[in-house]
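Quick look at query.csv (CSV, C-alpha atoms and all ligand atoms):
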```
chain,number,residue,atom,x,y,z
P,1048,ILE,CA,-25.7,-10.9,-6.5
P,1049,LYS,CA,-27.2,-10.7,-9.9
P,1050,MET,CA,-28.5,-13.9,-11.4
P,1051,ASP,CA,-27.6,-14.4,-15.0
P,1052,LYS,CA,-30.9,-15.6,-16.4
P,1053,ILE,CA,-29.9,-15.9,-20.1
P,1054,VAL,CA,-28.8,-19.4,-19.8
P,1055,LYS,CA,-28.7,-20.5,-23.5
P,1056,GLU,CA,-27.0,-17.3,-24.7
P,1057,TYR,CA,-24.3,-17.5,-22.0
P,1058,LYS,CA,-21.0,-16.4,-23.3
P,1059,ILE,CA,-17.9,-17.2,-21.3
P,1060,ASN,CA,-15.9,-14.3,-22.7
P,1061,ALA,CA,-18.4,-11.6,-21.8
P,1062,ILE,CA,-16.1,-10.0,-19.3
P,1063,LYS,CA,-13.0,-8.0,-20.5
P,1064,GLU,CA,-10.6,-9.1,-17.7
P,1065,GLY,CA,-11.1,-11.5,-14.9
P,1066,THR,CA,-11.8,-15.0,-13.9
P,1067,VAL,CA,-14.5,-17.5,-14.8
P,1068,ILE,CA,-15.1,-20.4,-12.5
P,1069,ASP,CA,-16.8,-23.1,-14.5
P,1070,HIS,CA,-18.1,-26.6,-13.8
P,1071,VAL,CA,-19.2,-25.9,-10.3
P,1072,THR,CA,-21.8,-28.3,-8.9
P,1073,PRO,CA,-25.1,-26.4,-8.4
P,1074,GLU,CA,-25.0,-27.0,-4.6
P,1075,SER,CA,-21.6,-25.4,-4.4
P,1076,THR,CA,-22.1,-22.3,-6.6
P,1077,PHE,CA,-23.2,-20.0,-3.7
P,1078,LYS,CA,-20.5,-21.5,-1.4
P,1079,VAL,CA,-17.9,-20.4,-4.0
P,1080,ILE,CA,-19.3,-16.8,-3.8
P,1081,GLU,CA,-19.2,-17.1,0.0
P,1082,ILE,CA,-15.7,-18.3,0.4
P,1083,LEU,CA,-14.4,-15.7,-2.1
P,1084,ASP,CA,-16.3,-13.0,-0.1
P,1085,LEU,CA,-17.5,-11.7,-3.4
P,1086,ASP,CA,-20.6,-10.2,-2.0
P,1087,LYS,CA,-18.8,-8.3,0.7
P,1088,ASN,CA,-16.1,-7.1,-1.5
P,1089,LYS,CA,-18.6,-5.6,-4.0
P,1090,GLU,CA,-16.8,-7.1,-6.9
P,1091,ILE,CA,-18.5,-7.2,-10.2
P,1092,ILE,CA,-19.7,-10.8,-10.6
P,1093,SER,CA,-22.3,-12.7,-12.4
P,1094,VAL,CA,-23.6,-16.1,-11.5
P,1095,ALA,CA,-25.5,-18.7,-13.5
P,1096,ASN,CA,-26.7,-21.9,-11.9
P,1097,ASN,CA,-28.3,-25.1,-13.1
P,1098,LEU,CA,-26.9,-24.9,-16.6
P,1099,GLN,CA,-26.8,-28.0,-18.7
P,1100,SER,CA,-23.4,-29.8,-18.5
P,1101,SER,CA,-22.3,-32.9,-20.3
P,1102,LYS,CA,-19.7,-33.4,-17.5
P,1103,LEU,CA,-21.9,-32.9,-14.4
P,1104,GLY,CA,-25.5,-32.9,-15.6
P,1105,LYS,CA,-26.1,-29.5,-14.1
P,1106,LYS,CA,-23.5,-26.9,-13.3
P,1107,GLY,CA,-23.0,-23.4,-12.0
P,1108,ILE,CA,-20.7,-20.7,-13.3
P,1109,VAL,CA,-19.3,-17.7,-11.4
P,1110,LYS,CA,-17.7,-14.8,-13.3
P,1111,ILE,CA,-15.6,-12.2,-11.6
P,1112,ALA,CA,-14.5,-9.1,-13.4
P,1113,GLY,CA,-11.2,-7.4,-12.9
P,1114,ARG,CA,-9.2,-9.9,-10.9
P,1115,GLU,CA,-7.6,-13.3,-10.7
P,1116,LEU,CA,-7.8,-15.7,-7.7
P,1117,THR,CA,-5.1,-16.3,-5.1
P,1118,LYS,CA,-3.7,-19.8,-4.7
P,1119,ALA,CA,-5.4,-20.0,-1.3
P,1120,GLU,CA,-8.8,-19.2,-2.9
P,1121,VAL,CA,-8.3,-21.8,-5.6
P,1122,ASP,CA,-7.4,-24.4,-2.9
P,1123,GLU,CA,-10.7,-23.6,-1.1
P,1124,ILE,CA,-12.7,-23.9,-4.3
P,1125,ALA,CA,-11.0,-27.3,-4.8
P,1126,VAL,CA,-12.4,-28.5,-1.5
P,1127,ILE,CA,-16.0,-27.7,-2.3
P,1128,ALA,CA,-16.0,-28.0,-6.1
P,1129,PRO,CA,-13.2,-30.5,-7.1
P,1130,LYS,CA,-14.4,-30.6,-10.7
P,1131,ALA,CA,-14.3,-26.9,-11.3
P,1132,THR,CA,-12.2,-25.2,-14.0
P,1133,ILE,CA,-10.7,-21.8,-13.7
P,1134,ASN,CA,-10.6,-19.6,-16.8
P,1135,ILE,CA,-8.5,-16.5,-16.9
P,1136,ILE,CA,-9.9,-13.8,-19.2
P,1137,LYS,CA,-7.8,-11.1,-20.8
P,1138,ASP,CA,-9.1,-8.8,-23.4
P,1139,PHE,CA,-12.4,-10.8,-23.7
P,1140,SER,CA,-10.6,-14.1,-24.5
P,1141,VAL,CA,-9.7,-17.1,-22.4
P,1142,VAL,CA,-6.0,-17.0,-22.0
P,1143,LYS,CA,-5.7,-19.8,-19.5
P,1144,LYS,CA,-8.0,-22.7,-18.6
P,1145,GLU,CA,-7.2,-25.3,-16.1
P,1146,PRO,CA,-9.0,-27.6,-13.7
P,1147,VAL,CA,-8.6,-26.8,-10.0
P,1148,ALA,CA,-5.8,-29.0,-8.7
P,1149,LEU,CA,-6.4,-30.6,-5.4
P,1150,PRO,CA,-3.3,-29.8,-3.3
P,1151,ASP,CA,-1.8,-32.6,-1.2
P,1152,HIS,CA,-2.4,-30.7,1.9
P,1153,PHE,CA,-4.5,-27.8,3.2
P,1154,SER,CA,-3.1,-25.5,5.8
P,1155,GLY,CA,-5.4,-23.2,7.8
P,1156,ILE,CA,-8.4,-23.7,5.5
P,1157,ILE,CA,-10.3,-26.7,7.0
P,1158,LYS,CA,-11.7,-26.9,10.6
P,1159,CYS,CA,-11.0,-30.0,12.6
P,1160,PRO,CA,-14.3,-31.5,13.9
P,1161,ASN,CA,-12.5,-33.1,16.9
P,1162,PRO,CA,-13.2,-30.8,19.9
P,1163,ASN,CA,-10.1,-32.3,21.7
P,1164,CYS,CA,-7.8,-31.5,18.8
P,1165,ILE,CA,-5.0,-29.1,19.6
P,1166,THR,CA,-6.2,-26.9,16.7
P,1167,ASN,CA,-9.5,-26.4,18.6
P,1168,LYS,CA,-8.0,-26.3,22.2
P,1169,GLN,CA,-5.1,-24.1,21.6
P,1170,GLY,CA,-5.9,-22.4,18.3
P,1171,THR,CA,-3.0,-24.0,16.4
P,1172,ALA,CA,-3.4,-23.5,12.7
P,1173,THR,CA,-5.0,-26.6,11.1
P,1174,LEU,CA,-3.2,-28.9,8.7
P,1175,PHE,CA,-4.9,-31.6,6.7
P,1176,HIS,CA,-3.4,-34.1,4.3
P,1177,VAL,CA,-5.4,-35.4,1.3
P,1178,THR,CA,-5.6,-39.2,1.7
P,1179,SER,CA,-8.2,-39.9,-1.0
P,1180,HIS,CA,-9.6,-38.0,-4.0
P,1181,GLU,CA,-12.8,-40.0,-4.6
P,1182,PRO,CA,-14.5,-39.4,-2.3
P,1183,LEU,CA,-12.4,-36.5,-1.0
P,1184,THR,CA,-10.9,-37.6,2.3
P,1185,LEU,CA,-8.6,-35.5,4.5
P,1186,SER,CA,-6.7,-36.4,7.6
P,1187,CYS,CA,-5.8,-34.0,10.4
P,1188,TYR,CA,-2.1,-33.9,10.9
P,1189,TYR,CA,-2.5,-33.3,14.7
P,1190,CYS,CA,-5.1,-35.8,15.8
P,1191,GLU,CA,-5.3,-38.0,12.7
P,1192,ARG,CA,-9.1,-37.5,12.5
P,1193,ALA,CA,-10.3,-38.4,8.9
P,1194,VAL,CA,-13.0,-36.2,7.4
P,1195,GLN,CA,-15.1,-36.5,4.3
P,1196,GLY,CA,-18.3,-35.2,2.8
P,1197,ASN,CA,-20.3,-32.9,5.2
P,1198,GLU,CA,-17.6,-33.2,7.8
P,1199,ILE,CA,-15.2,-31.1,5.7
P,1200,LEU,CA,-15.8,-27.6,7.0
P,1201,LEU,CA,-14.0,-24.5,6.0
P,1202,SER,CA,-12.7,-22.6,9.0
P,1301,ZN,ZN,-7.5,-32.6,14.5
```

Rendering of file as structure tokens:
Amino acid sequence: IKMDKIVKEYKINAIKEGTVIDHVTPESTFKVIEILDLDKNKEIISVANNLQSSKLGKKGIVKIAGRELTKAEVDEIAVIAPKATINIIKDFSVVKKEPVALPDHFSGIIKCPNPNCITNKQGTATLFHVTSHEPLTLSCYYCERAVQGNEILLS
């Protein structure tokens, strides 16, 4: 992971094709890299963290050259960085820019913290419904356990 140190001169269209994930809270920037397996996949990325943001105070940006994200990946980003925006870059310009949309449910992404839940006992794929956006609160379809904040764990 190369840290992009030129904070003030940062240009969003510095990659030819790919995806820029903007407005990530600084605590979540490296989680984004982790959930996308960017390190493992040896994709060309650059990361800037703790940039000034009028929206968030401080923010992080992750740039990935050469590919777009899958819906499942965008859903995972929505869990840890609900204010993030996804920019699609083609030929050095932003062709699409949209906020991550919180889906109304997450299937197979979140781990249920209830040890007695069928998803933990029998390995049934998890299913959580979003019951509140602020703060983000999810409810397990199987055991009805509600989770928020640090209890929201990606499986
Ligand atoms: Zn459960």

When distances are computed from all atoms listed in the file, which of P:Thr1072, P:Ser1093, P:Asn1134, P:Ser1179 shows the smallest separation from Pro1150 (chain P)?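 Going through P:Thr1072, P:Ser1093, P:Asn1134, P:Ser1179 one by one, the smallest distance to Pro1150 (chain P) is for P:Ser1179.
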
Pick out the residues no farther than 12 Å from ligand ZN 1301 (chain P), counting all atoms listed in the file, and list them as a ChimeraX atom specification. /P:1155,1157-1176,1185-1194,1199

Counting all atoms listed in the file, which residues sit no farther than 12 Å from the position (-5.8, -20.2, -20.6) in the file's frame? I'd like them as an NGL selection string. :P and (1060 or 1065-1067 or 1132-1137 or 1139-1146)

Atom pair CA of Val1079 (chain P) + CA of Thr1117 (chain P), distance 13.5 Å

Restricting the calculation to all atoms listed in the file, which member of P:Glu1081, P:Asp1069, P:Asp1138, P:Asp1151 is positioned closest to Gly1113 (chain P)?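 For Gly1113 (chain P), the nearest of the candidates is P:Asp1138.
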
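Distances here use only C-alpha atoms; by that measure, the residue among P:Leu1149, P:Ile1156, P:Ile1062, P:Ala1095 closest to Thr1178 (chain P) is P:Leu1149.
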
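Compared by their closest atoms to Ala1125 (chain P), and using all atoms listed in the file, the residues P:Leu1183, P:Leu1201, P:Ile1091, P:Val1147 rank with P:Val1147 nearest.
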
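CA of His1152 (chain P) sits 5.6 Å away from CA of Val1177 (chain P).
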
Between CA of Val1094 (chain P) and CA of Val1109 (chain P) - distance in Å to one decimal: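 CA of Val1109 (chain P) sits 4.6 Å away from CA of Val1094 (chain P).
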
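Among the candidate residues P:Lys1078, P:His1180, P:Lys1063, P:Lys1102, the one lying nearest to Arg1114 (chain P) is P:Lys1063, with distances computed using all atoms listed in the file.
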
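When all atoms listed in the file are used to compute distances to Glu1064 (chain P), the closest of the residues P:Leu1103, P:Ile1092, P:Ile1127, P:Ile1111 turns out to be P:Ile1111.
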
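Taking all atoms listed in the file into account, the protein, DNA and RNA residues within 10 Å of (-21.4, -32.2, -15.7) read His1070, Val1071, Thr1072, Leu1098, Gln1099, Ser1100, Ser1101, Lys1102, Leu1103, Gly1104, Lys1105, Lys1106, Gly1107, Lys1130 and Ala1131 of chain P.
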
Would you mind exporting C-alpha atoms of the selected residues as a PDB file, keeping the file's coordinate frame?
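out.pdb, written as the output of this step:
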```
ATOM      1  CA  HIS P1070     -18.100 -26.600 -13.800  1.00  0.00           C
ATOM      2  CA  VAL P1071     -19.200 -25.900 -10.300  1.00  0.00           C
ATOM      3  CA  THR P1072     -21.800 -28.300  -8.900  1.00  0.00           C
ATOM      4  CA  LEU P1098     -26.900 -24.900 -16.600  1.00  0.00           C
ATOM      5  CA  GLN P1099     -26.800 -28.000 -18.700  1.00  0.00           C
ATOM      6  CA  SER P1100     -23.400 -29.800 -18.500  1.00  0.00           C
ATOM      7  CA  SER P1101     -22.300 -32.900 -20.300  1.00  0.00           C
ATOM      8  CA  LYS P1102     -19.700 -33.400 -17.500  1.00  0.00           C
ATOM      9  CA  LEU P1103     -21.900 -32.900 -14.400  1.00  0.00           C
ATOM     10  CA  GLY P1104     -25.500 -32.900 -15.600  1.00  0.00           C
ATOM     11  CA  LYS P1105     -26.100 -29.500 -14.100  1.00  0.00           C
ATOM     12  CA  LYS P1106     -23.500 -26.900 -13.300  1.00  0.00           C
ATOM     13  CA  GLY P1107     -23.000 -23.400 -12.000  1.00  0.00           C
ATOM     14  CA  LYS P1130     -14.400 -30.600 -10.700  1.00  0.00           C
ATOM     15  CA  ALA P1131     -14.300 -26.900 -11.300  1.00  0.00           C
TER      16      ALA P1131
END
```
